[in-house]
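As stored in data20.txt (compact mmCIF, C-alpha atoms and all ligand atoms):
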# COMPACT_ATOMS: atom_id res chain seq x y z
CA MET L 189 -23.47 -4.11 -5.96
CA ARG L 190 -21.74 -2.85 -9.10
CA ILE L 191 -18.74 -0.86 -7.98
CA GLY L 192 -16.32 1.23 -10.04
CA ILE L 193 -12.81 1.43 -8.58
CA THR L 194 -10.16 3.93 -9.60
CA CYS L 195 -6.59 3.82 -8.35
CA TYR L 196 -3.01 4.30 -9.45
CA PRO L 197 -2.35 0.99 -11.20
CA THR L 198 1.40 0.99 -10.74
CA TYR L 199 3.43 -0.26 -7.78
CA GLY L 200 2.38 1.56 -4.61
CA GLY L 201 0.36 0.91 -1.51
CA SER L 202 -2.87 2.63 -2.53
CA GLY L 203 -3.05 0.70 -5.81
CA VAL L 204 -2.38 -2.55 -3.97
CA VAL L 205 -5.15 -1.92 -1.43
CA ALA L 206 -7.61 -0.87 -4.18
CA THR L 207 -6.81 -3.97 -6.24
CA GLU L 208 -7.00 -6.37 -3.32
CA LEU L 209 -10.30 -4.76 -2.30
CA GLY L 210 -11.67 -5.27 -5.82
CA ILE L 211 -10.56 -8.91 -5.81
CA GLU L 212 -12.17 -9.53 -2.42
CA LEU L 213 -15.41 -7.75 -3.41
CA ALA L 214 -15.65 -9.78 -6.61
CA ALA L 215 -14.96 -12.99 -4.68
CA SER L 216 -17.91 -12.20 -2.43
CA GLY L 217 -20.27 -11.74 -5.38
CA HIS L 218 -20.06 -8.04 -6.25
CA GLU L 219 -19.29 -6.79 -9.75
CA VAL L 220 -16.15 -4.67 -9.86
CA HIS L 221 -15.10 -2.32 -12.66
CA PHE L 222 -11.57 -0.93 -12.53
CA ILE L 223 -11.22 2.38 -14.37
CA SER L 224 -7.63 3.50 -14.84
CA TYR L 225 -4.94 4.26 -17.42
CA SER L 226 -3.54 0.74 -17.25
CA GLN L 227 -4.50 -2.54 -15.65
CA PRO L 228 -3.59 -2.63 -11.93
CA PHE L 229 -0.49 -4.79 -11.64
CA ARG L 230 -1.92 -7.33 -9.22
CA LEU L 231 -4.88 -8.16 -11.51
CA SER L 232 -4.53 -11.24 -13.66
CA GLY L 233 -7.08 -10.01 -16.19
CA ARG L 234 -9.05 -13.22 -15.85
CA ASP L 235 -10.72 -12.83 -12.46
CA ASP L 236 -14.45 -13.60 -12.35
CA GLY L 237 -16.58 -10.54 -11.65
CA ILE L 238 -13.78 -8.09 -12.42
CA PHE L 239 -13.75 -5.85 -15.48
CA TYR L 240 -11.12 -3.41 -16.57
CA HIS L 241 -11.84 -0.18 -18.47
CA GLU L 242 -8.83 1.66 -19.79
CA VAL L 243 -8.79 5.44 -19.85
CA PRO L 244 -7.38 6.62 -23.16
CA VAL L 245 -5.48 9.89 -22.81
CA SER L 246 -4.97 11.50 -26.20
CA SER L 247 -2.08 13.79 -26.74
CA TYR L 248 -2.35 16.92 -28.85
CA PRO L 249 0.36 19.45 -29.75
CA LEU L 250 -1.52 22.12 -27.82
CA PHE L 251 -1.54 20.05 -24.65
CA GLU L 252 1.72 20.44 -22.83
CA PHE L 253 0.07 18.36 -20.10
CA PRO L 254 -2.53 15.86 -21.39
CA PRO L 255 -5.58 16.24 -19.09
CA TYR L 256 -5.81 12.73 -17.61
CA ASP L 257 -8.26 13.82 -14.93
CA LEU L 258 -10.77 14.93 -17.61
CA ALA L 259 -10.36 11.74 -19.64
CA LEU L 260 -10.85 9.80 -16.41
CA ALA L 261 -14.04 11.71 -15.53
CA SER L 262 -15.44 11.01 -19.03
CA ARG L 263 -14.62 7.32 -18.77
CA MET L 264 -16.09 7.08 -15.25
CA ALA L 265 -19.36 8.61 -16.49
CA GLU L 266 -19.44 6.28 -19.51
CA VAL L 267 -18.73 3.14 -17.48
CA ALA L 268 -21.31 4.20 -14.87
CA GLU L 269 -23.93 4.45 -17.58
CA PHE L 270 -23.01 1.41 -19.69
CA CYS L 271 -22.41 -0.91 -16.74
CA ASP L 272 -25.08 0.56 -14.46
CA LEU L 273 -22.67 1.26 -11.58
CA ASP L 274 -24.09 1.81 -8.11
CA LEU L 275 -21.11 3.81 -6.91
CA LEU L 276 -17.52 4.78 -7.50
CA HIS L 277 -14.73 4.16 -5.02
CA VAL L 278 -11.61 6.20 -5.69
CA HIS L 279 -8.29 5.57 -3.98
CA TYR L 280 -5.91 8.50 -3.48
CA ALA L 281 -7.64 11.87 -3.56
CA ILE L 282 -5.59 13.49 -6.33
CA PRO L 283 -6.95 13.70 -9.00
CA HIS L 284 -9.33 10.76 -8.61
CA SER L 285 -11.86 12.39 -6.31
CA VAL L 286 -12.02 15.46 -8.58
CA SER L 287 -12.68 13.24 -11.61
CA ALA L 288 -15.36 11.35 -9.67
CA LEU L 289 -16.98 14.64 -8.69
CA LEU L 290 -17.19 15.64 -12.35
CA ALA L 291 -18.51 12.20 -13.38
CA ARG L 292 -21.20 12.43 -10.70
CA GLN L 293 -22.33 15.77 -12.11
CA MET L 294 -22.21 14.52 -15.70
CA VAL L 295 -24.48 11.56 -15.05
CA ALA L 296 -26.80 13.57 -12.78
CA VAL L 297 -27.89 15.55 -15.86
CA LYS L 298 -29.24 12.28 -17.22
CA GLY L 299 -31.09 11.52 -14.00
CA ARG L 300 -28.56 8.93 -12.80
CA LYS L 301 -27.10 8.86 -9.31
CA LEU L 302 -23.40 8.09 -8.97
CA PRO L 303 -22.24 8.57 -5.38
CA PHE L 304 -18.53 8.28 -4.79
CA VAL L 305 -16.34 7.24 -1.90
CA THR L 306 -12.83 8.67 -1.53
CA THR L 307 -10.24 6.69 0.39
CA LEU L 308 -7.30 8.71 1.65
CA HIS L 309 -4.02 6.80 1.63
CA GLY L 310 -1.12 8.99 2.63
CA THR L 311 0.88 11.28 0.43
CA ASP L 312 -2.36 12.57 -1.13
CA ILE L 313 -2.82 14.27 2.25
CA THR L 314 0.60 14.53 3.84
CA LEU L 315 2.62 15.66 0.83
CA VAL L 316 1.09 16.28 -2.61
CA GLY L 317 -2.26 17.49 -1.31
CA LEU L 318 -0.61 20.13 0.85
CA ASP L 319 1.05 21.69 -2.19
CA ARG L 320 -0.70 25.06 -2.66
CA SER L 321 -1.48 24.24 -6.28
CA TYR L 322 -3.52 21.19 -5.27
CA LEU L 323 -4.77 22.01 -1.79
CA PRO L 324 -7.98 23.94 -2.63
CA ILE L 325 -9.26 21.39 -5.16
CA THR L 326 -8.26 18.45 -2.97
CA ARG L 327 -10.07 19.95 0.02
CA TYR L 328 -13.14 20.64 -2.13
CA SER L 329 -13.33 17.13 -3.60
CA ILE L 330 -12.88 15.49 -0.18
CA GLN L 331 -15.54 17.71 1.31
CA GLU L 332 -17.92 16.97 -1.58
CA SER L 333 -17.41 13.18 -1.61
CA ASP L 334 -20.43 11.12 -0.62
CA GLY L 335 -18.23 9.15 1.76
CA VAL L 336 -14.63 9.46 2.89
CA THR L 337 -12.53 6.76 4.49
CA SER L 338 -9.01 6.92 5.82
CA ILE L 339 -6.62 4.01 6.31
CA SER L 340 -5.57 5.12 9.82
CA SER L 341 -6.65 7.42 12.62
CA TYR L 342 -3.42 9.33 12.15
CA LEU L 343 -4.36 10.17 8.56
CA LYS L 344 -7.91 11.07 9.50
CA ASP L 345 -6.69 13.54 12.15
CA LYS L 346 -4.13 14.97 9.75
CA THR L 347 -6.83 15.52 7.10
CA VAL L 348 -9.12 17.26 9.55
CA THR L 349 -6.33 19.49 10.87
CA ASP L 350 -4.39 20.31 7.70
CA PHE L 351 -7.32 20.55 5.29
CA GLY L 352 -9.94 21.89 7.68
CA ILE L 353 -12.33 19.10 6.65
CA SER L 354 -15.57 19.19 8.61
CA ARG L 355 -17.38 16.19 7.08
CA PRO L 356 -17.13 12.78 8.79
CA ILE L 357 -14.23 10.51 7.86
CA GLU L 358 -14.47 6.82 8.67
CA VAL L 359 -11.30 4.94 9.55
CA ILE L 360 -11.16 1.58 7.75
CA PRO L 361 -7.68 0.11 8.15
CA ASN L 362 -5.76 -1.58 5.37
CA PHE L 363 -6.06 -5.32 5.23
CA VAL L 364 -4.32 -8.43 3.99
CA ASN L 365 -5.62 -11.72 2.70
CA CYS L 366 -4.30 -14.00 5.46
CA ASP L 367 -4.65 -17.08 3.24
CA VAL L 368 -2.47 -15.60 0.51
CA TYR L 369 -0.03 -13.85 2.85
CA THR L 370 0.82 -16.71 5.09
CA PRO L 371 3.91 -18.34 6.58
CA ILE L 372 5.37 -21.43 4.92
CA SER L 373 4.47 -24.10 7.45
CA ASP L 374 6.63 -26.85 5.96
CA GLU L 375 10.16 -26.09 7.22
CA ASP L 376 11.78 -28.12 4.42
CA VAL L 377 9.93 -26.17 1.75
CA ARG L 378 10.86 -22.89 3.44
CA ALA L 379 14.50 -23.92 3.79
CA LYS L 380 14.65 -24.85 0.10
CA ALA L 381 13.19 -21.50 -0.95
CA ARG L 382 15.49 -19.58 1.43
CA ALA L 383 18.50 -21.35 -0.09
CA LYS L 384 18.14 -19.10 -3.14
CA PHE L 385 19.32 -16.17 -0.98
CA ALA L 386 21.05 -17.54 2.10
CA THR L 387 22.79 -20.51 3.65
CA PRO L 388 20.92 -22.25 6.51
CA ASP L 389 22.85 -20.34 9.19
CA GLU L 390 22.26 -16.91 7.63
CA ALA L 391 19.39 -14.60 8.57
CA ILE L 392 17.35 -12.89 5.86
CA LEU L 393 16.31 -9.25 6.20
CA ILE L 394 13.80 -7.95 3.68
CA HIS L 395 12.59 -4.54 2.52
CA LEU L 396 9.64 -3.88 0.21
CA SER L 397 8.77 -0.46 -1.18
CA ASN L 398 8.70 1.83 -4.19
CA PHE L 399 12.17 3.17 -3.26
CA ARG L 400 10.94 6.77 -3.00
CA PRO L 401 12.94 9.11 -0.72
CA VAL L 402 10.26 8.78 1.98
CA LYS L 403 11.18 5.07 2.31
CA ARG L 404 14.84 5.79 3.27
CA VAL L 405 16.16 2.70 1.46
CA VAL L 406 19.71 3.86 2.14
CA ASP L 407 18.97 3.43 5.86
CA VAL L 408 17.97 -0.17 5.13
CA VAL L 409 21.42 -0.84 3.70
CA LYS L 410 23.09 0.97 6.62
CA VAL L 411 21.14 -1.08 9.16
CA PHE L 412 22.01 -4.28 7.32
CA ALA L 413 25.71 -3.36 7.18
CA GLN L 414 25.78 -3.19 11.00
CA VAL L 415 23.77 -6.38 11.39
CA GLU L 416 25.87 -8.52 9.07
CA ARG L 417 29.05 -7.54 10.91
CA GLU L 418 27.80 -9.50 13.94
CA VAL L 419 25.38 -12.07 12.55
CA PRO L 420 25.64 -13.91 9.22
CA ALA L 421 22.90 -12.38 7.10
CA GLN L 422 21.62 -11.50 3.63
CA LEU L 423 19.43 -8.57 2.57
CA VAL L 424 16.63 -8.92 0.01
CA LEU L 425 15.31 -5.66 -1.47
CA VAL L 426 12.02 -5.86 -3.35
CA GLY L 427 10.80 -2.95 -5.48
CA ASP L 428 12.31 -0.21 -7.53
CA GLY L 429 12.32 3.56 -7.71
CA PRO L 430 14.36 6.73 -7.51
CA ASP L 431 16.58 5.74 -4.56
CA ARG L 432 17.61 2.33 -5.86
CA SER L 433 20.91 3.46 -7.32
CA ALA L 434 21.88 5.30 -4.09
CA ALA L 435 21.28 2.06 -2.21
CA GLU L 436 23.27 0.08 -4.78
CA TRP L 437 26.18 2.52 -4.53
CA LEU L 438 26.21 2.27 -0.76
CA ALA L 439 26.16 -1.54 -0.84
CA HIS L 440 29.19 -1.43 -3.16
CA ASP L 441 30.94 1.24 -1.08
CA LEU L 442 30.50 -0.81 2.07
CA LYS L 443 31.63 -3.93 0.18
CA ILE L 444 28.51 -5.86 1.12
CA ASN L 445 27.02 -5.95 -2.39
CA ASP L 446 27.42 -9.74 -2.57
CA LYS L 447 24.99 -9.98 0.36
CA VAL L 448 22.44 -7.49 -0.94
CA HIS L 449 19.93 -8.79 -3.47
CA PHE L 450 18.07 -6.17 -5.51
CA LEU L 451 15.11 -8.08 -6.97
CA GLY L 452 13.34 -5.12 -8.59
CA LYS L 453 9.55 -5.08 -8.90
CA GLN L 454 7.97 -8.41 -8.06
CA ASP L 455 4.38 -9.49 -8.54
CA ARG L 456 4.19 -12.32 -6.00
CA VAL L 457 5.67 -10.76 -2.88
CA ASN L 458 3.65 -13.26 -0.82
CA GLU L 459 6.18 -15.89 -1.94
CA LEU L 460 9.18 -13.81 -0.84
CA LEU L 461 8.06 -12.33 2.47
CA PRO L 462 7.76 -15.65 4.38
CA LEU L 463 11.41 -16.41 3.62
CA ALA L 464 12.60 -13.51 5.77
CA ASP L 465 13.34 -13.29 9.48
CA LEU L 466 12.82 -9.55 9.71
CA MET L 467 11.39 -6.74 7.61
CA VAL L 468 13.05 -3.29 7.71
CA MET L 469 10.84 -0.23 7.12
CA PRO L 470 12.75 2.92 8.16
CA SER L 471 10.40 5.42 6.42
CA THR L 472 10.24 9.13 7.16
CA LEU L 473 6.46 8.72 7.15
CA GLU L 474 3.92 5.95 6.68
CA SER L 475 0.24 6.62 7.09
CA PHE L 476 -0.20 2.91 7.59
CA GLY L 477 2.69 0.75 6.32
CA LEU L 478 1.01 -1.93 4.21
CA ALA L 479 4.30 -3.70 3.48
CA ALA L 480 4.78 -4.28 7.22
CA LEU L 481 1.27 -5.74 7.49
CA GLU L 482 1.93 -8.10 4.59
CA ALA L 483 5.12 -9.18 6.35
CA MET L 484 3.34 -9.63 9.69
CA ALA L 485 0.78 -11.92 8.05
CA CYS L 486 3.73 -14.02 6.82
CA LYS L 487 5.08 -14.19 10.39
CA VAL L 488 7.77 -11.58 9.80
CA PRO L 489 8.07 -8.79 12.40
CA THR L 490 9.22 -5.34 11.30
CA ILE L 491 11.97 -3.02 12.49
CA ALA L 492 10.27 0.29 11.72
CA THR L 493 10.11 3.97 12.51
CA ARG L 494 7.60 5.40 14.97
CA VAL L 495 5.83 7.63 12.46
CA GLY L 496 2.32 8.36 11.20
CA GLY L 497 -0.01 5.38 11.47
CA VAL L 498 2.75 2.81 12.09
CA PRO L 499 2.10 2.58 15.87
CA GLU L 500 -1.54 1.71 15.03
CA LEU L 501 -0.22 -1.31 13.15
CA ILE L 502 2.90 -2.40 15.03
CA GLU L 503 2.91 -2.82 18.79
CA ASP L 504 6.41 -1.87 19.88
CA GLY L 505 8.18 -4.81 21.50
CA VAL L 506 5.34 -7.22 20.68
CA THR L 507 4.83 -7.40 16.92
CA GLY L 508 7.90 -5.38 15.92
CA LEU L 509 10.30 -2.71 17.13
CA LEU L 510 9.88 1.05 16.63
CA PHE L 511 12.62 3.70 16.50
CA PRO L 512 12.96 7.40 15.69
CA VAL L 513 13.49 8.28 12.01
CA GLY L 514 17.17 7.97 11.08
CA ASP L 515 18.12 5.96 14.17
CA VAL L 516 20.20 3.47 12.19
CA ASP L 517 22.17 2.37 15.26
CA GLY L 518 18.97 1.72 17.23
CA MET L 519 17.40 -0.26 14.40
CA ALA L 520 20.55 -2.35 13.92
CA THR L 521 20.81 -3.00 17.68
CA GLY L 522 17.14 -3.98 17.77
CA ALA L 523 17.52 -6.34 14.82
CA LEU L 524 20.59 -7.92 16.38
CA ARG L 525 18.83 -8.39 19.71
CA LEU L 526 16.12 -10.41 17.95
CA LEU L 527 18.44 -12.34 15.66
CA LYS L 528 20.65 -13.37 18.58
CA ASP L 529 17.72 -14.51 20.71
CA ARG L 530 15.78 -17.10 18.72
CA ALA L 531 13.10 -17.52 21.42
CA LEU L 532 12.41 -13.80 21.46
CA LEU L 533 12.29 -13.65 17.67
CA ASP L 534 9.97 -16.66 17.46
CA ALA L 535 7.61 -15.14 20.03
CA MET L 536 7.51 -11.93 18.00
CA ARG L 537 6.98 -13.85 14.76
CA ASP L 538 3.99 -15.65 16.25
CA ALA L 539 2.58 -12.44 17.71
CA ALA L 540 2.90 -10.65 14.37
CA ARG L 541 0.92 -13.30 12.49
CA ARG L 542 -1.67 -13.54 15.28
CA ASP L 543 -2.24 -9.78 15.31
CA ALA L 544 -2.53 -9.59 11.52
CA GLN L 545 -5.17 -12.32 11.66
CA LYS L 546 -6.99 -10.78 14.59
CA ARG L 547 -7.21 -7.20 13.36
CA PHE L 548 -6.37 -6.88 9.66
CA CYS L 549 -7.57 -9.94 7.75
CA ALA L 550 -9.53 -9.21 4.57
CA SER L 551 -12.41 -11.25 5.97
CA LEU L 552 -12.72 -8.74 8.85
CA VAL L 553 -12.15 -5.51 6.97
CA LEU L 554 -14.10 -6.20 3.75
CA PRO L 555 -17.49 -6.15 5.54
CA LYS L 556 -16.62 -2.68 6.85
CA TYR L 557 -16.31 -1.39 3.28
CA VAL L 558 -19.51 -3.16 2.20
CA LYS L 559 -21.39 -1.68 5.17
CA PHE L 560 -19.98 1.74 4.34
CA TYR L 561 -21.13 1.45 0.70
CA GLU L 562 -24.59 0.41 1.87
CA LYS L 563 -24.77 3.42 4.14
CA ILE L 564 -23.80 5.70 1.24
CA LEU L 565 -26.43 4.07 -0.99
CA GLY L 566 -29.01 4.49 1.77
CA ARG L 567 -29.69 0.79 1.91
O1 LIG Y 601 4.14 5.30 0.05
C1 LIG Y 601 3.73 4.53 -0.81
O2 LIG Y 601 4.12 3.38 -0.93
C2 LIG Y 601 2.72 4.99 -1.76
C3 LIG Y 601 1.46 5.38 -1.10
C4 LIG Y 601 0.33 5.20 -2.06
O3 LIG Y 601 -0.68 5.83 -1.84
O4 LIG Y 601 0.40 4.46 -3.05
O5 LIG Y 601 1.29 4.64 0.11
C5 LIG Y 601 0.41 5.13 1.09
O6 LIG Y 601 -0.69 4.24 1.07
C6 LIG Y 601 -0.41 2.91 1.54
C7 LIG Y 601 -1.66 2.08 1.38
O7 LIG Y 601 -2.75 2.60 2.06
C8 LIG Y 601 0.06 2.99 3.01
O8 LIG Y 601 0.31 1.69 3.50
C9 LIG Y 601 1.34 3.82 3.06
O9 LIG Y 601 1.73 3.96 4.41
C10 LIG Y 601 1.09 5.20 2.46
N1 LIG Y 601 2.38 5.89 2.33
C11 LIG Y 601 2.69 6.95 3.05
O10 LIG Y 601 1.96 7.45 3.88
C12 LIG Y 601 4.05 7.52 2.79
Spit out the file's structure as structure tokens when you get a sec.
Amino acid sequence: MRIGITCYPTYGGSGVVATELGIELAASGHEVHFISYSQPFRLSGRDDGIFYHEVPVSSYPLFEFPPYDLALASRMAEVAEFCDLDLLHVHYAIPHSVSALLARQMVAVKGRKLPFVTTLHGTDITLVGLDRSYLPITRYSIQESDGVTSISSYLKDKTVTDFGISRPIEVIPNFVNCDVYTPISDEDVRAKARAKFATPDEAILIHLSNFRPVKRVVDVVKVFAQVEREVPAQLVLVGDGPDRSAAEWLAHDLKINDKVHFLGKQDRVNELLPLADLMVMPSTLESFGLAALEAMACKVPTIATRVGGVPELIEDGVTGLLFPVGDVDGMATGALRLLKDRALLDAMRDAARRDAQKRFCASLVLPKYVKFYEKILGR
């Protein structure tokens, strides 16, 4: 198949899933064309079977807001024609599904079919999409998509309830490449890599996100502050965003800044995650929680909040621990319980990796997307 993929190319879960999907599809022989305003950050630019088409967005004094969605629709229609695309797969409804809808109509005039699949990821439904200024067009473009998938049952139900969507929505969970996201089996190699952040007797807690308010990064620092009072530990924070400085201030205020490592945006998180003992994900909401899955695949259980689709990913007490939003004390106590009981932590580490392999490996989830595309194409 020749598949066009559109996503937000910057750091964020939906862009990561879209990019990893494109990489996996290309690896299994499909031709993948990314259409976006810049190259998705996890693409090397040299992958076989993957092409990138930039969307130029011209500015003009009259345009207070350059119309990216229109430029995107034009580019989608062009790429569909020039590269003979079979379908478009857009990630994050706003504005991608609207642009795809326009592109489908544009090429239809020329007798070409361009069905499109919309994958719902989270804030496109739970936050931005509910804004009155976007809700009607988001609902319309979801309803008019040729296929709609959602990354969790939670998000599917939310879409049906909040948007009044009557068309079918298929749940296809997020996935991880279990060969790329994998524990470091050689203990000496792992110990050497960990030494960059911690001494051998110190635990490493990790957090990975775009540091938006919904991620509650400040809670990560608060949890860590309680943990390191009882157990020698270091905190590694991967990512960047609006709440980074609040977290930095708090680390200084609490005088733990020498134990908190802000690494900023990192491309190869698969090399960092296996160094940790625990991941902390105290979000207000996660429709899935891809960062926790990536950690699980690296044998790192997550201390998380019981929100959205997280309980579909993490089994409380088995592959991680779940707490109410804002329960810093609970999360710290839970982390300490694991860090003080090596056998318990090791059992949870093994269970996390096993579950990621059993339910969320790319090799299991990719065929679901391919089958879905085939259904849409009537094959
Ligand atoms: O919250 C983010 O990191 C950004 C957002 C996105 O669409 O880029 O993430 C959403 O999609 C991810 C991938 O499917 C999910 O793992 C996240 O849970 C989801 N975020 C929220 O629901 C807040």
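Using all atoms listed in the file for every distance, the candidate list L:Leu275, L:Val448, L:Val267, L:Ala480 yields L:Leu275 as the residue closest to Ser333 in chain L.
You will find CA of Gly203 in chain L at 27.3 Å from CA of Gly514 in chain L.
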Handout entry: Test item: residues no farther than 9 Å from ligand LIG 601 (chain Y), counting only C-alpha atoms and all ligand atoms, as a VMD selection string
Key = chain L and resid 195 to 196 198 to 206 279 to 280 307 to 315 338 to 340 343 361 to 362 397 to 400 402 to 403 471 to 481 496 to 498
Filtering to C-alpha atoms, could you give me those residues as an mmCIF file, in the frame of the given file?
data_model
loop_
_atom_site.group_PDB
_atom_site.id
_atom_site.type_symbol
_atom_site.label_atom_id
_atom_site.label_comp_id
_atom_site.auth_asym_id
_atom_site.auth_seq_id
_atom_site.Cartn_x
_atom_site.Cartn_y
_atom_site.Cartn_z
ATOM 1 C CA CYS L 195 -6.590 3.820 -8.350
ATOM 2 C CA TYR L 196 -3.010 4.300 -9.450
ATOM 3 C CA THR L 198 1.400 0.990 -10.740
ATOM 4 C CA TYR L 199 3.430 -0.260 -7.780
ATOM 5 C CA GLY L 200 2.380 1.560 -4.610
ATOM 6 C CA GLY L 201 0.360 0.910 -1.510
ATOM 7 C CA SER L 202 -2.870 2.630 -2.530
ATOM 8 C CA GLY L 203 -3.050 0.700 -5.810
ATOM 9 C CA VAL L 204 -2.380 -2.550 -3.970
ATOM 10 C CA VAL L 205 -5.150 -1.920 -1.430
ATOM 11 C CA ALA L 206 -7.610 -0.870 -4.180
ATOM 12 C CA HIS L 279 -8.290 5.570 -3.980
ATOM 13 C CA TYR L 280 -5.910 8.500 -3.480
ATOM 14 C CA THR L 307 -10.240 6.690 0.390
ATOM 15 C CA LEU L 308 -7.300 8.710 1.650
ATOM 16 C CA HIS L 309 -4.020 6.800 1.630
ATOM 17 C CA GLY L 310 -1.120 8.990 2.630
ATOM 18 C CA THR L 311 0.880 11.280 0.430
ATOM 19 C CA ASP L 312 -2.360 12.570 -1.130
ATOM 20 C CA ILE L 313 -2.820 14.270 2.250
ATOM 21 C CA THR L 314 0.600 14.530 3.840
ATOM 22 C CA LEU L 315 2.620 15.660 0.830
ATOM 23 C CA SER L 338 -9.010 6.920 5.820
ATOM 24 C CA ILE L 339 -6.620 4.010 6.310
ATOM 25 C CA SER L 340 -5.570 5.120 9.820
ATOM 26 C CA LEU L 343 -4.360 10.170 8.560
ATOM 27 C CA PRO L 361 -7.680 0.110 8.150
ATOM 28 C CA ASN L 362 -5.760 -1.580 5.370
ATOM 29 C CA SER L 397 8.770 -0.460 -1.180
ATOM 30 C CA ASN L 398 8.700 1.830 -4.190
ATOM 31 C CA PHE L 399 12.170 3.170 -3.260
ATOM 32 C CA ARG L 400 10.940 6.770 -3.000
ATOM 33 C CA VAL L 402 10.260 8.780 1.980
ATOM 34 C CA LYS L 403 11.180 5.070 2.310
ATOM 35 C CA SER L 471 10.400 5.420 6.420
ATOM 36 C CA THR L 472 10.240 9.130 7.160
ATOM 37 C CA LEU L 473 6.460 8.720 7.150
ATOM 38 C CA GLU L 474 3.920 5.950 6.680
ATOM 39 C CA SER L 475 0.240 6.620 7.090
ATOM 40 C CA PHE L 476 -0.200 2.910 7.590
ATOM 41 C CA GLY L 477 2.690 0.750 6.320
ATOM 42 C CA LEU L 478 1.010 -1.930 4.210
ATOM 43 C CA ALA L 479 4.300 -3.700 3.480
ATOM 44 C CA ALA L 480 4.780 -4.280 7.220
ATOM 45 C CA LEU L 481 1.270 -5.740 7.490
ATOM 46 C CA GLY L 496 2.320 8.360 11.200
ATOM 47 C CA GLY L 497 -0.010 5.380 11.470
ATOM 48 C CA VAL L 498 2.750 2.810 12.090
#
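Going from CA of Lys447 in chain L to CA of Asp538 in chain L covers 26.9 Å.
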Kindly provide, as JSON, the centre and edge lengths (Å, one decimal) of an axis-aligned box around all atoms of range 473-485 of chain L given in the file, with 3 Å on each side.
{"center_x": 3.1, "center_y": -1.6, "center_z": 6.6, "size_x": 12.7, "size_y": 26.6, "size_z": 12.2}
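Taking CA of Ala296 in chain L and CA of Tyr322 in chain L as the two end points, the separation is 25.6 Å.
By chain and then residue number, the residues within 9 Å of Asp389 in chain L are Ala386, Thr387, Ala391, Pro420 and Ala421 of chain L, counting all atoms listed in the file and disregarding those fewer than 2 positions away in sequence.
Of the listed residues L:Phe239, L:Asp350, L:Pro228, L:Val305, the one whose atoms come nearest to Lys563 in chain L is L:Val305, with distances taken using only C-alpha atoms.
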Practice task
Could you give me, as a VMD selection string, the residues within 12 Å of Thr207 in chain L, counting all atoms listed in the file and dropping anything in the same chain fewer than 5 positions from it?
Solution key: chain L and resid 192 to 202 212 to 214 220 to 224 227 to 233 235 238 to 240 277 to 279 362 to 365
Output C-alpha atoms of each residue in that selection to a file, as a PDB file, in the coordinates of the input.
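Listed below is the output, out-v2.pdb:
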ATOM      1  CA  GLY L 192     -16.320   1.230 -10.040  1.00  0.00           C
ATOM      2  CA  ILE L 193     -12.810   1.430  -8.580  1.00  0.00           C
ATOM      3  CA  THR L 194     -10.160   3.930  -9.600  1.00  0.00           C
ATOM      4  CA  CYS L 195      -6.590   3.820  -8.350  1.00  0.00           C
ATOM      5  CA  TYR L 196      -3.010   4.300  -9.450  1.00  0.00           C
ATOM      6  CA  PRO L 197      -2.350   0.990 -11.200  1.00  0.00           C
ATOM      7  CA  THR L 198       1.400   0.990 -10.740  1.00  0.00           C
ATOM      8  CA  TYR L 199       3.430  -0.260  -7.780  1.00  0.00           C
ATOM      9  CA  GLY L 200       2.380   1.560  -4.610  1.00  0.00           C
ATOM     10  CA  GLY L 201       0.360   0.910  -1.510  1.00  0.00           C
ATOM     11  CA  SER L 202      -2.870   2.630  -2.530  1.00  0.00           C
ATOM     12  CA  GLU L 212     -12.170  -9.530  -2.420  1.00  0.00           C
ATOM     13  CA  LEU L 213     -15.410  -7.750  -3.410  1.00  0.00           C
ATOM     14  CA  ALA L 214     -15.650  -9.780  -6.610  1.00  0.00           C
ATOM     15  CA  VAL L 220     -16.150  -4.670  -9.860  1.00  0.00           C
ATOM     16  CA  HIS L 221     -15.100  -2.320 -12.660  1.00  0.00           C
ATOM     17  CA  PHE L 222     -11.570  -0.930 -12.530  1.00  0.00           C
ATOM     18  CA  ILE L 223     -11.220   2.380 -14.370  1.00  0.00           C
ATOM     19  CA  SER L 224      -7.630   3.500 -14.840  1.00  0.00           C
ATOM     20  CA  GLN L 227      -4.500  -2.540 -15.650  1.00  0.00           C
ATOM     21  CA  PRO L 228      -3.590  -2.630 -11.930  1.00  0.00           C
ATOM     22  CA  PHE L 229      -0.490  -4.790 -11.640  1.00  0.00           C
ATOM     23  CA  ARG L 230      -1.920  -7.330  -9.220  1.00  0.00           C
ATOM     24  CA  LEU L 231      -4.880  -8.160 -11.510  1.00  0.00           C
ATOM     25  CA  SER L 232      -4.530 -11.240 -13.660  1.00  0.00           C
ATOM     26  CA  GLY L 233      -7.080 -10.010 -16.190  1.00  0.00           C
ATOM     27  CA  ASP L 235     -10.720 -12.830 -12.460  1.00  0.00           C
ATOM     28  CA  ILE L 238     -13.780  -8.090 -12.420  1.00  0.00           C
ATOM     29  CA  PHE L 239     -13.750  -5.850 -15.480  1.00  0.00           C
ATOM     30  CA  TYR L 240     -11.120  -3.410 -16.570  1.00  0.00           C
ATOM     31  CA  HIS L 277     -14.730   4.160  -5.020  1.00  0.00           C
ATOM     32  CA  VAL L 278     -11.610   6.200  -5.690  1.00  0.00           C
ATOM     33  CA  HIS L 279      -8.290   5.570  -3.980  1.00  0.00           C
ATOM     34  CA  ASN L 362      -5.760  -1.580   5.370  1.00  0.00           C
ATOM     35  CA  PHE L 363      -6.060  -5.320   5.230  1.00  0.00           C
ATOM     36  CA  VAL L 364      -4.320  -8.430   3.990  1.00  0.00           C
ATOM     37  CA  ASN L 365      -5.620 -11.720   2.700  1.00  0.00           C
TER      38      ASN L 365
END
